[in-house]
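Undergrad: My structure is stored as upload.txt, with compact mmCIF, C-alpha atoms.
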```txt
# COMPACT_ATOMS: atom_id res chain seq x y z
CA MET A 1 120.27 -122.16 121.14
CA ALA A 2 120.33 -120.12 117.93
CA SER A 3 121.48 -116.56 118.49
CA VAL A 4 118.85 -113.90 117.85
CA TYR A 5 119.58 -110.24 117.16
CA ALA A 6 117.17 -107.36 116.60
CA LEU A 7 117.46 -104.65 113.97
CA VAL A 8 115.27 -101.60 114.69
CA LEU A 9 114.69 -99.09 111.90
CA ALA A 10 114.73 -95.39 112.81
CA ALA A 11 116.31 -93.75 109.76
CA GLY A 12 113.10 -92.29 108.36
CA GLN A 13 112.10 -88.63 108.35
CA GLY A 14 108.42 -89.24 109.19
CA THR A 15 107.21 -86.78 106.57
CA ARG A 16 103.62 -88.08 106.64
CA PHE A 17 103.33 -87.18 110.32
CA GLY A 18 104.32 -83.55 109.91
CA GLY A 19 106.37 -81.35 112.23
CA SER A 20 110.12 -80.85 112.44
CA LEU A 21 110.89 -83.78 114.75
CA PRO A 22 111.04 -87.26 113.19
CA LYS A 23 108.11 -89.17 114.64
CA GLN A 24 110.26 -91.97 116.12
CA TYR A 25 111.61 -89.40 118.62
CA LEU A 26 108.23 -88.04 119.69
CA SER A 27 107.30 -88.56 123.32
CA LEU A 28 104.76 -91.19 124.30
CA GLY A 29 104.00 -91.14 128.01
CA GLY A 30 107.38 -89.61 128.86
CA GLN A 31 109.47 -91.93 126.66
CA SER A 32 110.13 -91.70 122.93
CA LEU A 33 108.46 -94.06 120.47
CA LEU A 34 111.88 -95.39 119.52
CA GLY A 35 112.95 -95.83 123.14
CA ARG A 36 109.87 -97.94 123.84
CA ALA A 37 110.38 -100.09 120.76
CA VAL A 38 114.06 -100.69 121.48
CA SER A 39 113.48 -101.39 125.19
CA ALA A 40 111.19 -104.32 124.35
CA PHE A 41 114.03 -106.13 122.57
CA VAL A 42 116.70 -105.17 125.11
CA ARG A 43 114.55 -106.70 127.86
CA HIS A 44 113.74 -109.88 125.96
CA PRO A 45 115.83 -112.80 127.30
CA ASP A 46 116.27 -114.45 123.88
CA VAL A 47 117.62 -111.37 122.10
CA ALA A 48 121.42 -111.25 122.24
CA GLY A 49 121.88 -107.75 120.86
CA VAL A 50 120.01 -104.79 119.38
CA LEU A 51 121.18 -102.49 116.59
CA VAL A 52 119.37 -99.36 115.40
CA THR A 53 119.62 -97.65 112.01
CA ILE A 54 119.37 -93.86 112.22
CA ARG A 55 119.89 -90.70 110.18
CA ALA A 56 123.31 -89.13 110.71
CA GLU A 57 121.72 -85.80 111.63
CA ASP A 58 119.60 -87.48 114.33
CA ARG A 59 122.53 -88.83 116.37
CA ALA A 60 121.87 -86.56 119.37
CA LEU A 61 118.15 -87.43 119.33
CA TYR A 62 119.04 -91.13 119.19
CA GLU A 63 121.41 -90.87 122.17
CA GLN A 64 118.72 -89.15 124.19
CA ALA A 65 116.02 -91.64 123.20
CA THR A 66 118.12 -94.69 124.10
CA ALA A 67 120.01 -93.37 127.14
CA GLY A 68 120.66 -96.14 129.66
CA LEU A 69 120.00 -98.98 127.20
CA SER A 70 122.70 -101.49 126.28
CA LEU A 71 122.82 -101.37 122.47
CA LEU A 72 125.21 -102.13 119.64
CA PRO A 73 126.67 -99.04 117.93
CA PRO A 74 124.06 -97.47 115.62
CA VAL A 75 124.38 -97.51 111.84
CA PHE A 76 123.46 -94.70 109.49
CA GLY A 77 120.64 -95.71 107.18
CA GLY A 78 120.11 -95.08 103.49
CA PRO A 79 117.65 -93.04 101.42
CA GLU A 80 115.00 -95.78 101.39
CA ARG A 81 113.80 -98.24 104.03
CA GLN A 82 115.21 -101.17 102.08
CA ASP A 83 118.64 -99.50 101.97
CA SER A 84 118.56 -98.99 105.74
CA VAL A 85 117.69 -102.64 106.36
CA ARG A 86 120.51 -103.86 104.13
CA LEU A 87 123.04 -101.55 105.81
CA GLY A 88 121.84 -102.71 109.22
CA LEU A 89 122.15 -106.37 108.25
CA GLU A 90 125.67 -105.80 106.94
CA ALA A 91 126.58 -104.20 110.28
CA LEU A 92 125.16 -107.20 112.16
CA ALA A 93 127.06 -109.75 110.03
CA PRO A 94 130.28 -109.63 112.14
CA TYR A 95 128.24 -110.77 115.17
CA ARG A 96 127.31 -113.95 113.26
CA PRO A 97 123.61 -114.08 114.23
CA ASP A 98 121.54 -117.13 113.37
CA ARG A 99 118.26 -115.21 113.40
CA VAL A 100 117.32 -111.55 113.04
CA LEU A 101 114.15 -109.68 113.99
CA ILE A 102 113.52 -106.56 111.90
CA HIS A 103 111.24 -104.00 113.53
CA ASP A 104 109.89 -100.54 112.74
CA GLY A 105 110.97 -97.98 115.34
CA VAL A 106 107.51 -96.38 115.30
CA ARG A 107 105.81 -99.52 116.62
CA PRO A 108 106.25 -98.84 120.36
CA PHE A 109 104.44 -101.90 121.77
CA PRO A 110 106.07 -105.14 120.55
CA ALA A 111 105.05 -107.37 123.45
CA ALA A 112 107.30 -110.18 124.69
CA ASP A 113 104.81 -112.88 123.70
CA LEU A 114 104.66 -111.49 120.16
CA ILE A 115 108.45 -111.64 119.93
CA ASP A 116 108.27 -115.20 121.30
CA ARG A 117 105.88 -116.25 118.52
CA VAL A 118 108.08 -114.83 115.78
CA ILE A 119 111.19 -116.53 117.17
CA ALA A 120 109.31 -119.83 117.49
CA GLY A 121 108.16 -119.51 113.89
CA LEU A 122 111.76 -119.47 112.73
CA GLU A 123 112.12 -123.05 113.92
CA LEU A 124 109.65 -124.01 111.18
CA ALA A 125 110.55 -121.65 108.33
CA GLU A 126 113.26 -119.33 107.04
CA ALA A 127 110.97 -116.36 107.61
CA ALA A 128 108.14 -115.69 110.09
CA ILE A 129 105.99 -112.58 110.28
CA PRO A 130 103.19 -111.51 112.63
CA ALA A 131 99.91 -110.92 110.83
CA LEU A 132 96.28 -110.20 111.61
CA PRO A 133 93.09 -111.04 109.68
CA LEU A 134 91.03 -108.30 108.06
CA ASP A 135 87.70 -107.56 109.71
CA ASP A 136 86.41 -104.98 107.24
CA THR A 137 85.12 -105.73 103.77
CA ILE A 138 87.80 -104.78 101.22
CA LYS A 139 86.91 -102.93 98.02
CA GLU A 140 88.98 -102.40 94.91
CA VAL A 141 88.35 -98.90 93.56
CA GLU A 142 89.25 -96.88 90.51
CA GLY A 143 88.97 -93.20 91.23
CA GLU A 144 85.92 -93.03 93.48
CA ARG A 145 84.12 -96.00 91.91
CA VAL A 146 84.07 -99.50 93.37
CA ARG A 147 85.22 -102.04 90.79
CA ALA A 148 85.27 -105.21 92.86
CA THR A 149 84.88 -106.71 96.32
CA ILE A 150 87.97 -108.65 97.33
CA GLU A 151 87.67 -111.93 99.21
CA ARG A 152 89.28 -111.20 102.56
CA ALA A 153 89.57 -114.71 104.01
CA ARG A 154 93.06 -115.14 102.58
CA LEU A 155 94.25 -111.58 103.30
CA ARG A 156 96.32 -110.51 106.32
CA ARG A 157 97.70 -107.28 107.78
CA ALA A 158 101.47 -107.68 108.20
CA GLN A 159 103.24 -106.28 111.26
CA THR A 160 106.79 -106.19 112.63
CA PRO A 161 109.00 -107.57 114.08
CA GLN A 162 109.50 -109.82 111.09
CA GLY A 163 111.89 -112.69 111.73
CA PHE A 164 114.34 -114.31 109.34
CA ARG A 165 117.18 -116.77 109.18
CA PHE A 166 120.00 -114.26 109.00
CA GLU A 167 121.99 -115.52 106.03
CA ALA A 168 118.82 -115.96 103.96
CA ILE A 169 117.53 -112.40 104.46
CA LEU A 170 120.98 -110.86 104.03
CA ALA A 171 121.39 -112.67 100.72
CA ALA A 172 117.89 -111.56 99.67
CA HIS A 173 118.60 -107.91 100.40
CA ARG A 174 121.93 -108.05 98.61
CA SER A 175 120.39 -109.61 95.50
CA LEU A 176 117.45 -107.19 95.42
CA ARG A 177 119.40 -104.02 96.11
CA GLY A 178 117.74 -101.08 94.40
CA ARG A 179 114.25 -102.59 94.35
CA ALA A 180 111.51 -100.69 96.20
CA LEU A 181 109.57 -103.31 98.17
CA SER A 182 107.14 -102.49 100.98
CA ASP A 183 108.58 -104.67 103.75
CA ASP A 184 111.17 -107.34 104.43
CA SER A 185 108.69 -110.13 103.92
CA ALA A 186 108.23 -108.85 100.35
CA VAL A 187 112.02 -108.94 99.91
CA ALA A 188 112.06 -112.53 101.18
CA GLU A 189 109.20 -113.49 98.85
CA ALA A 190 110.95 -111.93 95.84
CA ALA A 191 114.03 -113.98 96.71
CA GLY A 192 112.02 -117.21 96.68
CA LEU A 193 111.31 -117.62 100.39
CA SER A 194 107.85 -118.44 101.72
CA PRO A 195 107.30 -116.63 105.06
CA LEU A 196 105.27 -118.30 107.77
CA THR A 197 102.62 -116.15 109.47
CA VAL A 198 102.21 -116.16 113.24
CA ARG A 199 99.50 -114.46 115.28
CA GLY A 200 100.02 -110.71 115.45
CA SER A 201 98.75 -108.29 118.08
CA GLU A 202 96.14 -105.54 117.85
CA GLU A 203 98.14 -103.60 120.43
CA ASN A 204 101.23 -103.61 118.20
CA ILE A 205 100.18 -100.40 116.46
CA LYS A 206 102.26 -98.38 114.02
CA VAL A 207 102.32 -94.62 114.65
CA THR A 208 101.93 -92.97 111.26
CA THR A 209 99.57 -90.06 111.99
CA VAL A 210 98.74 -87.68 114.83
CA GLU A 211 95.61 -89.76 115.44
CA ASP A 212 97.76 -92.89 115.83
CA LEU A 213 99.86 -91.15 118.48
CA ALA A 214 96.73 -90.07 120.36
CA ALA A 215 95.45 -93.65 120.28
CA ALA A 216 98.79 -94.88 121.61
CA GLU A 217 98.59 -92.35 124.45
CA ARG A 218 95.11 -93.60 125.37
CA ARG A 219 96.27 -97.20 125.31
CA LEU A 220 99.28 -96.39 127.47
CA ALA A 221 97.23 -94.47 130.02
CA ALA A 222 94.81 -97.38 130.30
CA ALA A 223 97.64 -99.88 130.76
CA LYS A 224 99.60 -97.78 133.24
CA GLY A 225 97.13 -97.32 136.02
CA ASP A 226 99.76 -97.66 138.75
CA VAL A 227 100.64 -94.02 139.51
CA ARG A 228 103.44 -93.52 142.03
CA VAL A 229 105.08 -90.50 143.62
CA GLY A 230 108.62 -90.48 144.98
CA GLN A 231 110.34 -87.86 147.12
CA GLY A 232 114.04 -87.01 147.28
CA PHE A 233 116.00 -84.63 149.51
CA ASP A 234 119.68 -83.73 149.47
CA VAL A 235 122.02 -81.10 150.84
CA HIS A 236 125.63 -80.12 150.08
CA PRO A 237 127.87 -77.47 151.68
CA PHE A 238 129.72 -74.91 149.60
CA ALA A 239 133.34 -75.69 148.70
CA PRO A 240 135.63 -72.95 147.33
CA GLY A 241 137.49 -73.81 144.15
CA ARG A 242 134.82 -76.10 142.72
CA ARG A 243 132.43 -75.50 139.81
CA LEU A 244 128.77 -75.20 140.69
CA PHE A 245 126.22 -77.43 138.94
CA LEU A 246 122.50 -77.29 139.67
CA CYS A 247 119.91 -79.39 137.82
CA GLY A 248 122.49 -80.19 135.16
CA VAL A 249 123.40 -76.57 134.43
CA GLU A 250 126.70 -74.89 135.33
CA ILE A 251 126.14 -71.74 137.40
CA GLU A 252 128.44 -68.74 137.68
CA ALA A 253 129.46 -68.64 141.35
CA THR A 254 132.47 -68.06 143.59
CA ALA A 255 132.20 -71.59 145.04
CA GLY A 256 130.80 -74.95 144.06
CA LEU A 257 129.38 -77.69 146.26
CA SER A 258 131.35 -80.30 148.13
CA GLY A 259 130.90 -83.88 146.98
CA HIS A 260 132.54 -86.94 145.44
CA SER A 261 130.76 -86.45 142.08
CA ASP A 262 129.95 -83.05 140.60
CA ALA A 263 127.73 -82.59 143.71
CA ASP A 264 124.65 -81.46 141.78
CA VAL A 265 122.23 -81.33 144.68
CA GLY A 266 119.18 -80.94 142.43
CA LEU A 267 119.95 -84.04 140.38
CA HIS A 268 120.80 -86.03 143.53
CA ALA A 269 117.40 -85.23 145.01
CA LEU A 270 115.72 -86.10 141.71
CA CYS A 271 117.57 -89.42 141.50
CA ASP A 272 116.35 -90.34 144.98
CA ALA A 273 112.79 -89.38 144.05
CA LEU A 274 112.88 -91.71 141.03
CA LEU A 275 114.45 -94.55 143.01
CA GLY A 276 112.02 -94.10 145.88
CA ALA A 277 108.95 -94.28 143.66
CA ILE A 278 109.97 -97.71 142.34
CA GLY A 279 111.20 -99.02 145.71
CA ALA A 280 114.84 -99.17 144.57
CA GLY A 281 116.53 -97.63 147.60
CA ASP A 282 118.52 -94.44 147.35
CA ILE A 283 121.47 -92.99 145.49
CA GLY A 284 123.95 -94.01 148.20
CA MET A 285 123.03 -97.70 147.81
CA HIS A 286 123.87 -97.69 144.10
CA PHE A 287 126.72 -95.16 144.15
CA PRO A 288 128.41 -95.37 147.58
CA PRO A 289 130.31 -92.25 148.67
CA GLY A 290 133.99 -92.49 147.78
CA GLU A 291 133.51 -95.12 145.07
CA GLU A 292 136.05 -94.59 142.29
CA ARG A 293 133.59 -94.94 139.38
CA SER A 294 131.60 -91.91 140.54
CA LYS A 295 134.56 -89.64 141.32
CA GLY A 296 133.91 -86.36 139.54
CA ALA A 297 131.02 -87.95 137.62
CA SER A 298 128.17 -85.97 136.15
CA SER A 299 125.11 -86.47 138.34
CA ALA A 300 123.06 -86.83 135.17
CA GLU A 301 124.47 -90.37 134.98
CA PHE A 302 122.88 -91.18 138.35
CA VAL A 303 119.51 -89.98 137.10
CA ARG A 304 119.87 -91.99 133.87
CA PHE A 305 120.65 -95.08 135.97
CA ALA A 306 117.43 -94.63 137.95
CA LEU A 307 115.55 -93.96 134.71
CA ALA A 308 116.84 -97.22 133.21
CA LEU A 309 115.52 -99.12 136.25
CA LEU A 310 112.15 -97.47 135.74
CA HIS A 311 112.05 -98.29 132.02
CA ALA A 312 113.02 -101.89 132.76
CA LYS A 313 109.81 -102.12 134.78
CA GLY A 314 107.84 -100.75 131.84
CA GLY A 315 107.34 -97.42 133.59
CA SER A 316 107.63 -93.79 132.50
CA VAL A 317 108.01 -90.34 134.06
CA ALA A 318 104.80 -88.30 134.10
CA ALA A 319 106.22 -85.16 135.77
CA VAL A 320 108.95 -83.93 138.10
CA ASP A 321 109.16 -80.95 140.46
CA VAL A 322 112.47 -79.74 141.94
CA THR A 323 112.80 -77.04 144.59
CA LEU A 324 116.22 -75.53 145.32
CA ILE A 325 116.65 -74.02 148.79
CA CYS A 326 119.37 -71.38 149.08
CA GLU A 327 120.15 -67.71 149.70
CA LYS A 328 122.62 -67.66 146.80
CA PRO A 329 123.09 -67.89 143.89
CA LYS A 330 120.00 -66.45 142.23
CA ILE A 331 118.22 -69.28 140.41
CA ALA A 332 115.81 -67.27 138.24
CA PRO A 333 118.31 -66.50 135.43
CA TYR A 334 119.00 -70.22 135.01
CA ARG A 335 115.54 -71.63 135.57
CA ARG A 336 114.62 -72.10 131.89
CA ALA A 337 117.94 -73.77 131.11
CA MET A 338 117.46 -76.11 134.08
CA ILE A 339 113.98 -77.11 132.93
CA GLU A 340 115.21 -77.85 129.41
CA ARG A 341 118.19 -79.81 130.73
CA LEU A 342 116.05 -81.96 133.02
CA ALA A 343 113.58 -82.59 130.19
CA LEU A 344 116.48 -83.72 127.97
CA ILE A 345 117.90 -86.07 130.62
CA LEU A 346 114.49 -87.59 131.38
CA GLY A 347 113.30 -87.70 127.78
CA ILE A 348 110.06 -85.84 128.55
CA SER A 349 108.50 -82.57 127.48
CA PRO A 350 109.67 -79.40 129.30
CA GLU A 351 106.04 -78.75 130.27
CA ARG A 352 106.29 -81.81 132.52
CA VAL A 353 109.24 -80.31 134.44
CA SER A 354 109.10 -77.73 137.22
CA VAL A 355 112.09 -76.01 138.84
CA LYS A 356 111.51 -73.58 141.70
CA ALA A 357 113.71 -71.83 144.25
CA THR A 358 113.11 -70.51 147.75
CA THR A 359 115.05 -69.18 150.71
CA THR A 360 114.78 -69.86 154.43
CA ASP A 361 114.63 -66.14 155.32
CA GLY A 362 118.08 -66.29 156.87
CA LEU A 363 117.37 -69.32 159.05
CA GLY A 364 119.55 -72.41 159.27
CA PHE A 365 122.60 -73.45 157.26
CA ALA A 366 121.00 -72.35 153.96
CA GLY A 367 120.04 -69.01 155.47
CA ARG A 368 123.62 -68.50 156.60
CA GLY A 369 124.85 -69.18 153.06
CA GLU A 370 126.69 -72.38 154.01
CA GLY A 371 125.21 -74.60 151.30
CA ILE A 372 122.25 -75.58 149.14
CA ALA A 373 119.44 -78.07 149.74
CA ALA A 374 117.04 -79.55 147.20
CA LEU A 375 113.67 -81.27 147.40
CA ALA A 376 112.35 -83.28 144.44
CA LEU A 377 109.06 -85.00 143.66
CA ALA A 378 108.68 -87.45 140.77
CA THR A 379 105.35 -88.73 139.50
CA LEU A 380 105.64 -92.03 137.61
CA ARG A 381 103.32 -94.33 135.71
CA LEU A 382 103.83 -98.10 135.79
CA PRO A 383 101.85 -101.02 134.43
CA SER A 384 98.95 -101.98 136.68
```
Can you present the structure in this file as structure tokens?

TA:
Amino acid sequence: MASVYALVLAAGQGTRFGGSLPKQYLSLGGQSLLGRAVSAFVRHPDVAGVLVTIRAEDRALYEQATAGLSLLPPVFGGPERQDSVRLGLEALAPYRPDRVLIHDGVRPFPAADLIDRVIAGLELAEAAIPALPLDDTIKEVEGERVRATIERARLRRAQTPQGFRFEAILAAHRSLRGRALSDDSAVAEAAGLSPLTVRGSEENIKVTTVEDLAAAERRLAAAKGDVRVGQGFDVHPFAPGRRLFLCGVEIEATAGLSGHSDADVGLHALCDALLGAIGAGDIGMHFPPGEERSKGASSAEFVRFALALLHAKGGSVAAVDVTLICEKPKIAPYRRAMIERLALILGISPERVSVKATTTDGLGFAGRGEGIAALALATLRLPS
């Protein structure tokens, strides 16, 4: 079978959208636009590898957006979209792909059957693009005056992913370097190729404006009607000589918590809440106590593992709530930092994260200052 690779473009600044954050990193239902787009190709059984082009200054945002996904090393893009595509193709060349799918990172819903159609189209032509007919009457205008009505029967709206025989599109981009063409199909056409059109998808929207993002949120909410809640509980005793981590934040304390990893009781409880909501067991099943790979590990990796399982099911995190139970240390000075850290790990807005603390009024092991317990709740959305 011909090898297929995906090239996802995320090197743009998103200036038309507004705001300081490039739109490909904006949250959509608890996961970034880029993360959703990339996940579709990672999950597809016919895609051998996925490479993303990014801006150098967005590296940290990219790592957060794609945490837990198996990807090829990213490539820094160029000043224009066409430059970024060419640089991405050059980076893919050592992998010797037969076919390549080029996709905009701000199209978060490239369904598996759409990808199937594009790949199938490449058996018939050197290029295949998804396209949709135009329903509205199209007018040619000059200023504010209509000059002509354009026959729409032969017109189509082009989408991505656009598929190409790899050597053909790489040669086209090399030969047309410096030209400003609107998409890769236009590059192929200028190089003498005749792309085949396959049926596109109305759900495969491109997020260009705030209104587009709102529409994507509505679509996602309608599709993810399966709301689940998971609960996690964990407890660790104090251990002198160890550093103390709670909800991903290091705390000033005279003792840390005992455990094989960094013993972050808050993240352990959260990991179990995520796993429980998707029926994936508990943290001990996936990371048995004493296992070498988790010795001294950051507990954030456990949460990212559970998050990857959730994303593989097409799900997202709606909100989380963590309660720390202890007499000491005082949690209030670190609460904001904990919320921001959990939001970063989960890839959701801080307003969807709650961290609270309580005592047991001197009762039990926590009341005696022997350790810390944590209770976590995670609310998830999955496809119906």

Undergrad: Would you pick out the contacts of Leu246 in chain A at 10 Å or less, using only C-alpha atoms, so that residues sharing its chain but fewer than 5 positions from it are not included, and give the list as a list in words?

TA: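 Near neighbours after the sequence-gap exclusion: Ile251, Gly256, Leu257, Asp262, Ala263, Asp264, Val265, Gly266, Leu267, His268, Ser299, Leu324, Ile331, Tyr334, Arg335, Met338, Ile372 and Ala374 of chain A.
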
Undergrad: Can I get the selected residues back with C-alpha atoms, as a PDB file, in the coordinates of the input?

TA:
```
ATOM      1  CA  ILE A 251     126.140 -71.740 137.400  1.00  0.00           C
ATOM      2  CA  GLY A 256     130.800 -74.950 144.060  1.00  0.00           C
ATOM      3  CA  LEU A 257     129.380 -77.690 146.260  1.00  0.00           C
ATOM      4  CA  ASP A 262     129.950 -83.050 140.600  1.00  0.00           C
ATOM      5  CA  ALA A 263     127.730 -82.590 143.710  1.00  0.00           C
ATOM      6  CA  ASP A 264     124.650 -81.460 141.780  1.00  0.00           C
ATOM      7  CA  VAL A 265     122.230 -81.330 144.680  1.00  0.00           C
ATOM      8  CA  GLY A 266     119.180 -80.940 142.430  1.00  0.00           C
ATOM      9  CA  LEU A 267     119.950 -84.040 140.380  1.00  0.00           C
ATOM     10  CA  HIS A 268     120.800 -86.030 143.530  1.00  0.00           C
ATOM     11  CA  SER A 299     125.110 -86.470 138.340  1.00  0.00           C
ATOM     12  CA  LEU A 324     116.220 -75.530 145.320  1.00  0.00           C
ATOM     13  CA  ILE A 331     118.220 -69.280 140.410  1.00  0.00           C
ATOM     14  CA  TYR A 334     119.000 -70.220 135.010  1.00  0.00           C
ATOM     15  CA  ARG A 335     115.540 -71.630 135.570  1.00  0.00           C
ATOM     16  CA  MET A 338     117.460 -76.110 134.080  1.00  0.00           C
ATOM     17  CA  ILE A 372     122.250 -75.580 149.140  1.00  0.00           C
ATOM     18  CA  ALA A 374     117.040 -79.550 147.200  1.00  0.00           C
TER      19      ALA A 374
END
```

Undergrad: Between A:Gly29, A:Gly68, A:Gly364, A:Pro288, which one has atoms that come closest to Leu309 in chain A, using only C-alpha atoms?

TA: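 Smallest distance to Leu309 in chain A is found for A:Gly68.
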
Undergrad: List every protein, DNA or RNA residue with an atom no more than 8 Å from (124.6, -95.7, 131.2) in the file's coordinates, counting all atoms listed in the file, and format the result as a list in words.

TA: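 Checked against the point, the hits come out as Ala67, Gly68, Leu69, Ser70, Glu301, Arg304 and Phe305 of chain A.
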
Undergrad: Give me the residues near Ala273 in chain A as number ranges by chain, where near means some atom within 12 Å (using all atoms listed in the file) and where sequence neighbours in that chain fewer than 5 positions away do not count.

TA: A: 228-234, 266-268, 278-283, 302-303, 306-307, 310, 317, 319-322, 374-380

Undergrad: So, with all atoms listed in the file as the atoms that count, which of A:Lys356, A:His236, A:Arg219, A:Arg99 lies closest to Leu122 in chain A?

TA: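 For Leu122 in chain A, the nearest of the given residues is A:Arg99.
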
Undergrad: I'd like to know which of A:Glu57, A:Glu202, A:Glu351, A:Asp116 is closest to Asp135 in chain A, using all atoms listed in the file.

TA: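 Among the listed residues, A:Glu202 lies closest to Asp135 in chain A.
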
Undergrad: Between A:Ala373, A:Ile102, A:Ala6, A:Leu346, which is the closest to Glu63 in chain A once you count all atoms listed in the file?

TA: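 Closest residue, counting all atoms listed in the file: A:Leu346.
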
Undergrad: Quick one: everything within 12 Å of Leu28 in chain A, counting only C-alpha atoms, minus sequence neighbours fewer than 6 positions away in the same chain. Send it as a ChimeraX atom specification.

TA: /A:34-37,65,106-109,207,210,212-221,315-318,347-349,381

Undergrad: Neighbouring residues of Leu176 in chain A were defined as those with any atom within 9 Å, considering only C-alpha atoms; residues of the same chain fewer than 6 positions away were excluded. Please report them as an mmCIF file with C-alpha atoms, in the frame of the given file.

TA:
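Contents of out12.cif, freshly written:
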```cif
data_model
loop_
_atom_site.group_PDB
_atom_site.id
_atom_site.type_symbol
_atom_site.label_atom_id
_atom_site.label_comp_id
_atom_site.auth_asym_id
_atom_site.auth_seq_id
_atom_site.Cartn_x
_atom_site.Cartn_y
_atom_site.Cartn_z
ATOM 1 C CA VAL A 187 112.020 -108.940 99.910
ATOM 2 C CA ALA A 190 110.950 -111.930 95.840
ATOM 3 C CA ALA A 191 114.030 -113.980 96.710
#
```

Undergrad: Assuming the input is short of atoms at range 71-86 of chain A, produce N, CA and C atoms for that part as a CSV table (one decimal), in the coordinates of the input.

TA:
```csv
chain,number,residue,atom,x,y,z
A,71,LEU,N,123.1,-101.2,123.9
A,71,LEU,CA,122.8,-101.4,122.5
A,71,LEU,C,124.1,-101.5,121.7
A,72,LEU,N,124.1,-102.1,120.6
A,72,LEU,CA,125.2,-102.1,119.6
A,72,LEU,C,125.3,-100.7,119.0
A,73,PRO,N,126.5,-100.4,118.5
A,73,PRO,CA,126.7,-99.0,117.9
A,73,PRO,C,125.7,-98.9,116.8
A,74,PRO,N,125.0,-97.7,116.7
A,74,PRO,CA,124.1,-97.5,115.6
A,74,PRO,C,124.7,-97.4,114.2
A,75,VAL,N,123.9,-97.6,113.2
A,75,VAL,CA,124.4,-97.5,111.8
A,75,VAL,C,123.6,-96.5,111.1
A,76,PHE,N,124.2,-95.7,110.3
A,76,PHE,CA,123.5,-94.7,109.5
A,76,PHE,C,122.7,-95.4,108.3
A,77,GLY,N,121.5,-95.1,108.2
A,77,GLY,CA,120.6,-95.7,107.2
A,77,GLY,C,120.8,-95.1,105.8
A,78,GLY,N,120.1,-95.6,104.9
A,78,GLY,CA,120.1,-95.1,103.5
A,78,GLY,C,118.9,-94.3,103.1
A,79,PRO,N,118.8,-93.9,101.8
A,79,PRO,CA,117.6,-93.0,101.4
A,79,PRO,C,116.3,-93.7,101.5
A,80,GLU,N,116.2,-95.0,101.3
A,80,GLU,CA,115.0,-95.8,101.4
A,80,GLU,C,115.0,-96.8,102.5
A,81,ARG,N,113.9,-97.2,103.0
A,81,ARG,CA,113.8,-98.2,104.0
A,81,ARG,C,114.6,-99.5,103.7
A,82,GLN,N,114.5,-99.9,102.5
A,82,GLN,CA,115.2,-101.2,102.1
A,82,GLN,C,116.7,-101.0,102.2
A,83,ASP,N,117.2,-99.8,101.8
A,83,ASP,CA,118.6,-99.5,102.0
A,83,ASP,C,119.1,-99.6,103.4
A,84,SER,N,118.2,-99.0,104.3
A,84,SER,CA,118.6,-99.0,105.7
A,84,SER,C,118.6,-100.4,106.3
A,85,VAL,N,117.7,-101.3,105.9
A,85,VAL,CA,117.7,-102.6,106.4
A,85,VAL,C,119.0,-103.3,105.9
A,86,ARG,N,119.3,-103.2,104.6
A,86,ARG,CA,120.5,-103.9,104.1
A,86,ARG,C,121.8,-103.4,104.9
```
